[in-house]
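**Student:** Below is query_17.cif; it holds mmCIF, C-alpha atoms.
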data_input
loop_
_atom_site.label_atom_id
_atom_site.label_comp_id
_atom_site.auth_asym_id
_atom_site.auth_seq_id
_atom_site.Cartn_x
_atom_site.Cartn_y
_atom_site.Cartn_z
CA MET F 20 -42.45 4.23 -11.20
CA GLU F 21 -40.00 3.14 -13.86
CA PHE F 22 -37.33 5.33 -12.20
CA LEU F 23 -37.87 3.42 -8.95
CA TYR F 24 -37.19 0.08 -10.68
CA TRP F 25 -34.02 1.44 -12.29
CA GLY F 26 -32.86 2.83 -8.94
CA LEU F 27 -33.58 -0.44 -7.15
CA GLY F 28 -31.77 -2.40 -9.87
CA PHE F 29 -28.78 -0.11 -9.61
CA VAL F 30 -28.64 -0.51 -5.82
CA LEU F 31 -28.85 -4.31 -6.10
CA LEU F 32 -26.14 -4.39 -8.77
CA LEU F 33 -23.90 -2.13 -6.69
CA SER F 34 -24.46 -4.30 -3.58
CA ALA F 35 -23.59 -7.44 -5.53
CA CYS F 36 -20.37 -5.86 -6.86
CA ILE F 37 -19.30 -4.73 -3.39
CA THR F 38 -19.98 -8.19 -1.96
CA ILE F 39 -17.99 -9.88 -4.73
CA LEU F 40 -15.06 -7.49 -4.22
CA ALA F 41 -15.09 -8.06 -0.45
CA VAL F 42 -15.05 -11.85 -0.88
CA PHE F 43 -12.28 -11.59 -3.49
CA GLN F 44 -10.17 -9.36 -1.20
CA LYS F 45 -10.62 -11.72 1.75
CA LYS F 46 -9.46 -14.68 -0.36
CA ARG F 47 -6.39 -12.73 -1.53
CA VAL F 48 -5.43 -11.87 2.06
CA GLN F 49 -5.86 -15.51 3.11
CA LYS F 50 -3.73 -16.64 0.14
CA ARG F 51 -0.88 -14.33 1.22
CA LYS F 52 -0.98 -15.73 4.76
CA ASN F 53 -1.05 -19.29 3.45
CA ASP F 54 1.89 -18.58 1.10
CA ILE F 55 4.15 -17.57 4.00
CA ILE F 56 3.05 -20.53 6.15
CA LYS F 57 3.59 -22.93 3.22
CA LEU F 58 7.05 -21.46 2.65
CA PHE F 59 8.22 -22.36 6.15
CA THR F 60 6.42 -25.70 6.08
CA LEU F 61 8.20 -26.56 2.82
CA ALA F 62 11.58 -25.52 4.27
CA CYS F 63 10.99 -27.75 7.30
CA LYS F 64 9.88 -30.66 5.13
CA LYS F 65 13.06 -30.41 3.03
CA LYS F 66 15.16 -30.63 6.21
CA ASN F 67 13.00 -33.36 7.80
CA ILE F 68 11.91 -31.10 10.66
CA THR F 69 8.56 -32.20 12.01
CA ASP F 70 8.41 -30.45 15.37
CA PHE F 71 7.80 -26.75 14.70
CA LYS F 72 5.30 -24.01 15.34
CA MET F 73 4.28 -21.54 12.61
CA GLU F 74 1.47 -19.10 13.11
CA TYR F 75 0.01 -15.83 11.92
CA VAL F 76 0.08 -13.51 14.93
CA LYS F 77 -0.28 -9.97 13.51
CA LYS F 78 1.37 -8.11 16.37
CA SER F 79 2.78 -4.61 16.19
CA THR F 80 6.28 -6.05 15.89
CA HIS F 81 5.72 -8.96 13.51
CA ASP F 82 3.11 -10.74 11.40
CA PHE F 83 4.26 -14.36 11.75
CA TYR F 84 6.06 -16.40 14.37
CA PHE F 85 8.09 -19.53 13.67
CA GLU F 86 9.78 -21.73 16.26
CA ASN F 87 11.52 -25.09 16.22
CA GLU F 88 13.96 -26.67 18.65
CA LYS F 89 16.89 -24.47 17.54
CA HIS F 90 15.46 -21.28 15.97
CA ILE F 91 12.87 -18.57 16.47
CA TYR F 92 11.84 -16.28 13.60
CA TYR F 93 9.93 -13.03 13.96
CA ILE F 94 8.62 -12.37 10.48
CA LYS F 95 7.29 -9.11 9.05
CA VAL F 96 5.79 -9.15 5.55
CA ILE F 97 6.26 -6.05 3.42
CA TYR F 98 3.72 -5.97 0.61
CA ASN F 99 5.18 -4.67 -2.65
CA PHE F 100 2.61 -5.47 -5.34
CA SER F 101 3.86 -2.73 -7.68
CA ASN F 102 7.32 -4.34 -7.62
CA GLN F 103 9.10 -1.12 -6.63
CA GLU F 104 12.70 -1.00 -5.52
CA ILE F 105 13.35 -0.61 -1.81
CA CYS F 106 16.20 1.54 -0.56
CA ILE F 107 17.11 0.97 3.10
CA ASN F 108 18.24 4.41 4.24
CA ASN F 109 18.70 3.39 7.89
CA ALA F 110 17.26 0.88 10.33
CA ILE F 111 13.79 2.44 10.39
CA LYS F 112 13.51 4.43 7.13
CA TRP F 113 13.03 2.29 4.04
CA GLN F 114 12.07 4.16 0.90
CA LEU F 115 9.95 2.79 -1.94
CA ARG F 116 11.06 4.00 -5.37
CA LYS F 117 9.89 3.34 -8.91
CA LEU F 118 12.65 2.69 -11.41
CA GLY F 119 12.88 5.19 -14.22
CA GLU F 120 10.83 7.81 -12.43
CA VAL F 121 12.59 11.17 -12.64
CA LYS F 122 10.67 12.91 -9.90
CA GLN F 123 10.65 10.69 -6.83
CA ASN F 124 7.89 10.78 -4.27
CA MET F 125 9.13 10.23 -0.75
CA THR F 126 7.17 7.06 0.00
CA PHE F 127 8.37 4.96 2.92
CA VAL F 128 7.66 1.39 4.02
CA GLU F 129 5.47 1.49 7.11
CA ASP F 130 5.78 -0.47 10.36
CA ILE F 131 9.48 -1.32 10.09
CA GLU F 132 10.48 0.19 13.42
CA PRO F 133 8.74 -2.16 15.90
CA LEU F 134 10.52 -5.28 14.65
CA MET F 135 13.84 -3.49 14.19
CA ARG F 136 13.71 -2.30 17.79
CA LEU F 137 12.59 -5.69 19.15
CA GLU F 138 15.08 -6.95 21.75
CA LEU F 139 16.08 -10.56 21.16
CA GLU F 140 16.55 -12.19 24.55
CA ASN F 141 16.35 -15.98 24.14
CA SER F 142 19.74 -17.45 25.02
CA ILE F 143 18.80 -21.07 24.26
CA LYS F 144 17.48 -20.69 20.70
CA LYS F 145 18.90 -18.58 17.89
CA GLU F 146 16.51 -15.71 17.17
CA HIS F 147 16.06 -14.06 13.78
CA LYS F 148 14.32 -10.96 12.50
CA LEU F 149 13.14 -11.60 8.96
CA PHE F 150 11.48 -9.15 6.58
CA ILE F 151 9.87 -10.86 3.59
CA ILE F 152 9.15 -8.65 0.58
CA TYR F 153 5.95 -10.06 -0.94
CA PRO F 154 5.79 -10.96 -3.76
CA ASN F 155 9.02 -9.48 -5.11
CA VAL F 156 11.20 -6.39 -5.43
CA THR F 157 12.95 -4.85 -8.44
CA ALA F 158 16.07 -3.92 -6.48
CA LEU F 159 16.95 -4.04 -2.81
CA LEU F 160 19.56 -1.47 -1.80
CA LYS F 161 21.16 -0.33 1.45
CA VAL F 162 22.69 3.11 1.93
CA ILE F 163 26.28 2.76 3.13
CA ASN F 164 27.12 6.46 3.39
CA GLU F 165 26.14 9.75 1.70
CA CYS F 166 27.33 8.68 -1.74
CA GLU F 167 27.47 4.88 -1.64
CA MET F 168 24.85 2.14 -1.86
CA ALA F 169 25.14 -1.64 -1.88
CA PHE F 170 22.79 -4.38 -3.01
CA VAL F 171 21.15 -6.36 -0.23
CA TYR F 172 21.51 -10.13 -0.57
CA PRO F 173 19.83 -12.80 1.59
CA ASP F 174 22.94 -13.09 3.77
CA THR F 175 23.36 -9.32 4.19
CA ASP F 176 22.98 -8.13 7.78
CA VAL F 177 20.50 -5.27 7.68
CA TYR F 178 20.82 -3.77 11.15
CA GLY F 179 20.40 -7.19 12.77
CA ALA F 180 17.75 -8.48 10.37
CA GLN F 181 17.47 -10.32 7.07
CA VAL F 182 15.50 -8.88 4.14
CA ILE F 183 14.60 -11.41 1.47
CA PRO F 184 12.03 -11.32 -1.36
CA TYR F 185 9.35 -14.02 -1.17
CA LYS F 186 10.07 -15.09 -4.75
CA ARG F 187 13.71 -15.73 -3.85
CA LEU F 188 12.72 -17.75 -0.76
CA ILE F 189 10.36 -19.94 -2.78
CA GLU F 190 13.17 -20.61 -5.27
CA ASP F 191 15.65 -21.48 -2.50
CA THR F 192 14.22 -22.44 0.90
CA GLU F 193 17.79 -23.12 2.09
CA LEU F 194 18.02 -19.37 2.71
CA ILE F 195 15.97 -19.97 5.87
CA GLU F 196 18.34 -21.22 8.57
CA LEU F 197 16.58 -24.08 10.34
#
Let me see the file written as structure tokens.
**Tutor:**
Amino acid sequence: MEFLYWGLGFVLLLSACITILAVFQKKRVQKRKNDIIKLFTLACKKKNITDFKMEYVKKSTHDFYFENEKHIYYIKVIYNFSNQEICINNAIKWQLRKLGEVKQNMTFVEDIEPLMRLELENSIKKEHKLFIIYPNVTALLKVINECEMAFVYPDTDVYGAQVIPYKRLIEDTELIEL
């Protein structure tokens, strides 16, 4: 009988832990979404733009959509919580690498291709493809040729897109062309 009480207590404790973790994870996901929306809202506020649309859309091509009277942004968020460096090998192969690691695993950023291949067709408004590295990145590099790499800066054209760390955008919202 005592074993039954211990077993029941263990199951209840395990259920409580799982519930707490699920609630915590949901709040973290919502915070990430809110951070990106606040970023664009802050950029608009600094430029006195009041008429804009910013929404979380989670499509295969992009996660967020921003539009005002002059610009449209298709935004894909790349989560990089371990703060690895990202090496852009080509338009659709971006490699995650840990600094100081001698033996590199071939780990690639997923879901880059749909936004990179997205055809921009609006002739009235300027369209942008923006990849936001959230929250930050150790180094952001682009392969130039077989033996040359270059650092990627906010104004670097990365195959028709911009790649900017979230931390850098928060520090300087002027990097977002509105």
**Student:** Can you tell me, as a PDB file with C-alpha atoms, keeping the file's coordinate frame, what residues are no more than 10 Å from Glu88 of chain F when counting all atoms listed in the file, ignoring any on the same chain fewer than 2 positions away?
**Tutor:**
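The resulting part_30.pdb:
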ATOM      1  CA  ILE F  68      11.910 -31.100  10.660  1.00  0.00           C
ATOM      2  CA  ASP F  70       8.410 -30.450  15.370  1.00  0.00           C
ATOM      3  CA  PHE F  71       7.800 -26.750  14.700  1.00  0.00           C
ATOM      4  CA  LYS F  72       5.300 -24.010  15.340  1.00  0.00           C
ATOM      5  CA  GLU F  86       9.780 -21.730  16.260  1.00  0.00           C
ATOM      6  CA  HIS F  90      15.460 -21.280  15.970  1.00  0.00           C
ATOM      7  CA  ILE F  91      12.870 -18.570  16.470  1.00  0.00           C
ATOM      8  CA  ILE F 143      18.800 -21.070  24.260  1.00  0.00           C
ATOM      9  CA  LYS F 144      17.480 -20.690  20.700  1.00  0.00           C
ATOM     10  CA  LYS F 145      18.900 -18.580  17.890  1.00  0.00           C
ATOM     11  CA  LEU F 197      16.580 -24.080  10.340  1.00  0.00           C
TER      12      LEU F 197
END
**Student:** For this structure, which residues satisfy the selection - the PyMOL selection byres ((chain F and resi 162) around 12) - when it is evaluated on the file as given? I want them as a PDB file with C-alpha atoms, keeping the file's coordinate frame.
**Tutor:**
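Dumped everything to selection19.pdb:
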ATOM      1  CA  ILE F 105      13.350  -0.610  -1.810  1.00  0.00           C
ATOM      2  CA  CYS F 106      16.200   1.540  -0.560  1.00  0.00           C
ATOM      3  CA  ILE F 107      17.110   0.970   3.100  1.00  0.00           C
ATOM      4  CA  ASN F 108      18.240   4.410   4.240  1.00  0.00           C
ATOM      5  CA  ASN F 109      18.700   3.390   7.890  1.00  0.00           C
ATOM      6  CA  ALA F 110      17.260   0.880  10.330  1.00  0.00           C
ATOM      7  CA  LYS F 112      13.510   4.430   7.130  1.00  0.00           C
ATOM      8  CA  TRP F 113      13.030   2.290   4.040  1.00  0.00           C
ATOM      9  CA  GLN F 114      12.070   4.160   0.900  1.00  0.00           C
ATOM     10  CA  LEU F 159      16.950  -4.040  -2.810  1.00  0.00           C
ATOM     11  CA  LEU F 160      19.560  -1.470  -1.800  1.00  0.00           C
ATOM     12  CA  LYS F 161      21.160  -0.330   1.450  1.00  0.00           C
ATOM     13  CA  ILE F 163      26.280   2.760   3.130  1.00  0.00           C
ATOM     14  CA  ASN F 164      27.120   6.460   3.390  1.00  0.00           C
ATOM     15  CA  GLU F 165      26.140   9.750   1.700  1.00  0.00           C
ATOM     16  CA  CYS F 166      27.330   8.680  -1.740  1.00  0.00           C
ATOM     17  CA  GLU F 167      27.470   4.880  -1.640  1.00  0.00           C
ATOM     18  CA  MET F 168      24.850   2.140  -1.860  1.00  0.00           C
ATOM     19  CA  ALA F 169      25.140  -1.640  -1.880  1.00  0.00           C
ATOM     20  CA  PHE F 170      22.790  -4.380  -3.010  1.00  0.00           C
ATOM     21  CA  VAL F 171      21.150  -6.360  -0.230  1.00  0.00           C
ATOM     22  CA  VAL F 177      20.500  -5.270   7.680  1.00  0.00           C
ATOM     23  CA  TYR F 178      20.820  -3.770  11.150  1.00  0.00           C
TER      24      TYR F 178
END
**Student:** What's around Pro133 of chain F at 10 Å? Count all atoms listed in the file, leave out sequence neighbours fewer than 2 positions away in its own chain, and write the answer as a list in words.
**Tutor:** Lys78, Ser79, Thr80, His81, Lys95, Ile111, Asp130, Ile131, Met135, Arg136, Leu137 and Glu138 of chain F
**Student:** Once the PyMOL selection byres ((chain F and resi 150) around 8) is applied to the coordinates I shared, what remains selected? I want it as a list in words.
**Tutor:**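 Going through the file, the PyMOL selection byres ((chain F and resi 150) around 8) ends up selecting Ile94, Lys95, Val96, Ile97, Lys148, Leu149, Ile151, Ile152, Ala180, Gln181, Val182 and Ile183 of chain F.
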**Student:** Grab all the atoms of segment 75-94 of chain F that the file lists, wrap them in a box along x, y and z, add 5 Å per side, and give me centre plus edge lengths in Å (one decimal) as lines of an AutoDock Vina configuration file.
**Tutor:**
center_x = 8.3
center_y = -15.6
center_z = 14.6
size_x = 27.2
size_y = 32.1
size_z = 18.2
**Student:** With only C-alpha atoms as the basis for distance, which of F:Glu140, F:Asp82, F:Asp174, F:Glu193 is at the shortest distance from Phe59 of chain F?
**Tutor:**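 Closest to Phe59 of chain F of all the choices is F:Glu193.
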**Student:** What does the distance between atom CA of Leu194 of chain F and atom CA of Ser101 of chain F come to in Å, to one decimal place?
**Tutor:**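 Going from atom CA of Leu194 of chain F over to atom CA of Ser101 of chain F, I get 24.2 Å.
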**Student:** What does the structure give for the distance between atom CA of Met73 of chain F and atom CA of Ile56 of chain F, in Å to one decimal?
**Tutor:**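 It comes out at 6.7 Å.
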**Student:** Counting all atoms listed in the file, which residue out of F:Glu196, F:Pro173, F:Glu129, F:Asn99 sits closest to Arg116 of chain F?
**Tutor:**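 Distance minimum relative to Arg116 of chain F lands on F:Asn99.
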**Student:** Just checking: using only C-alpha atoms, which residue out of F:Gln103, F:Gly28, F:Glu132, F:Leu40 ends up closest to Leu118 of chain F?
**Tutor:**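 Closest to Leu118 of chain F of all the choices is F:Gln103.
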**Student:** Please compute the atom CA of Leu58 of chain F-atom CA of Gly179 of chain F distance, one decimal, in Å.
**Tutor:**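 Atom CA of Gly179 of chain F lies 22.0 Å from atom CA of Leu58 of chain F.
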**Student:** Output requested as a PDB file, keeping the file's coordinate frame - segment 40-59 of chain F, filled out with N, CA, C and O atoms.
**Tutor:**
ATOM      1  N   LEU F  40     -16.386  -8.063  -4.480  1.00  0.00           N
ATOM      2  CA  LEU F  40     -15.060  -7.490  -4.220  1.00  0.00           C
ATOM      3  C   LEU F  40     -14.582  -7.812  -2.802  1.00  0.00           C
ATOM      4  O   LEU F  40     -13.396  -8.106  -2.602  1.00  0.00           O
ATOM      5  N   ALA F  41     -15.473  -7.756  -1.831  1.00  0.00           N
ATOM      6  CA  ALA F  41     -15.090  -8.060  -0.450  1.00  0.00           C
ATOM      7  C   ALA F  41     -14.664  -9.522  -0.312  1.00  0.00           C
ATOM      8  O   ALA F  41     -13.665  -9.832   0.347  1.00  0.00           O
ATOM      9  N   VAL F  42     -15.395 -10.429  -0.934  1.00  0.00           N
ATOM     10  CA  VAL F  42     -15.050 -11.850  -0.880  1.00  0.00           C
ATOM     11  C   VAL F  42     -13.718 -12.095  -1.585  1.00  0.00           C
ATOM     12  O   VAL F  42     -12.849 -12.820  -1.080  1.00  0.00           O
ATOM     13  N   PHE F  43     -13.527 -11.465  -2.741  1.00  0.00           N
ATOM     14  CA  PHE F  43     -12.280 -11.590  -3.490  1.00  0.00           C
ATOM     15  C   PHE F  43     -11.092 -11.080  -2.671  1.00  0.00           C
ATOM     16  O   PHE F  43     -10.050 -11.729  -2.606  1.00  0.00           O
ATOM     17  N   GLN F  44     -11.248  -9.934  -2.022  1.00  0.00           N
ATOM     18  CA  GLN F  44     -10.170  -9.360  -1.200  1.00  0.00           C
ATOM     19  C   GLN F  44      -9.839 -10.273  -0.019  1.00  0.00           C
ATOM     20  O   GLN F  44      -8.676 -10.469   0.312  1.00  0.00           O
ATOM     21  N   LYS F  45     -10.847 -10.830   0.619  1.00  0.00           N
ATOM     22  CA  LYS F  45     -10.620 -11.720   1.750  1.00  0.00           C
ATOM     23  C   LYS F  45      -9.847 -12.967   1.320  1.00  0.00           C
ATOM     24  O   LYS F  45      -8.941 -13.414   2.015  1.00  0.00           O
ATOM     25  N   LYS F  46     -10.174 -13.503   0.151  1.00  0.00           N
ATOM     26  CA  LYS F  46      -9.460 -14.680  -0.360  1.00  0.00           C
ATOM     27  C   LYS F  46      -8.014 -14.342  -0.694  1.00  0.00           C
ATOM     28  O   LYS F  46      -7.122 -15.144  -0.460  1.00  0.00           O
ATOM     29  N   ARG F  47      -7.762 -13.144  -1.222  1.00  0.00           N
ATOM     30  CA  ARG F  47      -6.390 -12.730  -1.530  1.00  0.00           C
ATOM     31  C   ARG F  47      -5.561 -12.591  -0.266  1.00  0.00           C
ATOM     32  O   ARG F  47      -4.410 -13.009  -0.228  1.00  0.00           O
ATOM     33  N   VAL F  48      -6.142 -12.016   0.782  1.00  0.00           N
ATOM     34  CA  VAL F  48      -5.430 -11.870   2.060  1.00  0.00           C
ATOM     35  C   VAL F  48      -5.120 -13.240   2.639  1.00  0.00           C
ATOM     36  O   VAL F  48      -4.011 -13.489   3.109  1.00  0.00           O
ATOM     37  N   GLN F  49      -6.074 -14.153   2.590  1.00  0.00           N
ATOM     38  CA  GLN F  49      -5.860 -15.510   3.110  1.00  0.00           C
ATOM     39  C   GLN F  49      -4.782 -16.236   2.300  1.00  0.00           C
ATOM     40  O   GLN F  49      -3.968 -16.961   2.852  1.00  0.00           O
ATOM     41  N   LYS F  50      -4.755 -16.014   0.977  1.00  0.00           N
ATOM     42  CA  LYS F  50      -3.730 -16.640   0.140  1.00  0.00           C
ATOM     43  C   LYS F  50      -2.344 -16.153   0.541  1.00  0.00           C
ATOM     44  O   LYS F  50      -1.405 -16.943   0.628  1.00  0.00           O
ATOM     45  N   ARG F  51      -2.185 -14.874   0.807  1.00  0.00           N
ATOM     46  CA  ARG F  51      -0.880 -14.330   1.220  1.00  0.00           C
ATOM     47  C   ARG F  51      -0.419 -14.972   2.521  1.00  0.00           C
ATOM     48  O   ARG F  51       0.746 -15.343   2.658  1.00  0.00           O
ATOM     49  N   LYS F  52      -1.320 -15.085   3.486  1.00  0.00           N
ATOM     50  CA  LYS F  52      -0.980 -15.730   4.760  1.00  0.00           C
ATOM     51  C   LYS F  52      -0.558 -17.178   4.524  1.00  0.00           C
ATOM     52  O   LYS F  52       0.458 -17.637   5.052  1.00  0.00           O
ATOM     53  N   ASN F  53      -1.344 -17.887   3.728  1.00  0.00           N
ATOM     54  CA  ASN F  53      -1.050 -19.290   3.450  1.00  0.00           C
ATOM     55  C   ASN F  53       0.287 -19.447   2.719  1.00  0.00           C
ATOM     56  O   ASN F  53       1.001 -20.420   2.955  1.00  0.00           O
ATOM     57  N   ASP F  54       0.612 -18.510   1.828  1.00  0.00           N
ATOM     58  CA  ASP F  54       1.890 -18.580   1.100  1.00  0.00           C
ATOM     59  C   ASP F  54       3.071 -18.547   2.055  1.00  0.00           C
ATOM     60  O   ASP F  54       4.029 -19.306   1.896  1.00  0.00           O
ATOM     61  N   ILE F  55       3.037 -17.681   3.053  1.00  0.00           N
ATOM     62  CA  ILE F  55       4.150 -17.570   4.000  1.00  0.00           C
ATOM     63  C   ILE F  55       4.223 -18.830   4.873  1.00  0.00           C
ATOM     64  O   ILE F  55       5.303 -19.372   5.104  1.00  0.00           O
ATOM     65  N   ILE F  56       3.074 -19.313   5.331  1.00  0.00           N
ATOM     66  CA  ILE F  56       3.050 -20.530   6.150  1.00  0.00           C
ATOM     67  C   ILE F  56       3.556 -21.721   5.340  1.00  0.00           C
ATOM     68  O   ILE F  56       4.362 -22.522   5.830  1.00  0.00           O
ATOM     69  N   LYS F  57       3.134 -21.832   4.082  1.00  0.00           N
ATOM     70  CA  LYS F  57       3.590 -22.930   3.220  1.00  0.00           C
ATOM     71  C   LYS F  57       5.095 -22.848   2.979  1.00  0.00           C
ATOM     72  O   LYS F  57       5.762 -23.883   2.889  1.00  0.00           O
ATOM     73  N   LEU F  58       5.618 -21.646   2.863  1.00  0.00           N
ATOM     74  CA  LEU F  58       7.050 -21.460   2.650  1.00  0.00           C
ATOM     75  C   LEU F  58       7.864 -22.098   3.781  1.00  0.00           C
ATOM     76  O   LEU F  58       8.789 -22.870   3.540  1.00  0.00           O
ATOM     77  N   PHE F  59       7.498 -21.805   5.016  1.00  0.00           N
ATOM     78  CA  PHE F  59       8.220 -22.360   6.150  1.00  0.00           C
ATOM     79  C   PHE F  59       7.951 -23.856   6.312  1.00  0.00           C
ATOM     80  O   PHE F  59       8.844 -24.616   6.687  1.00  0.00           O
TER      81      PHE F  59
END
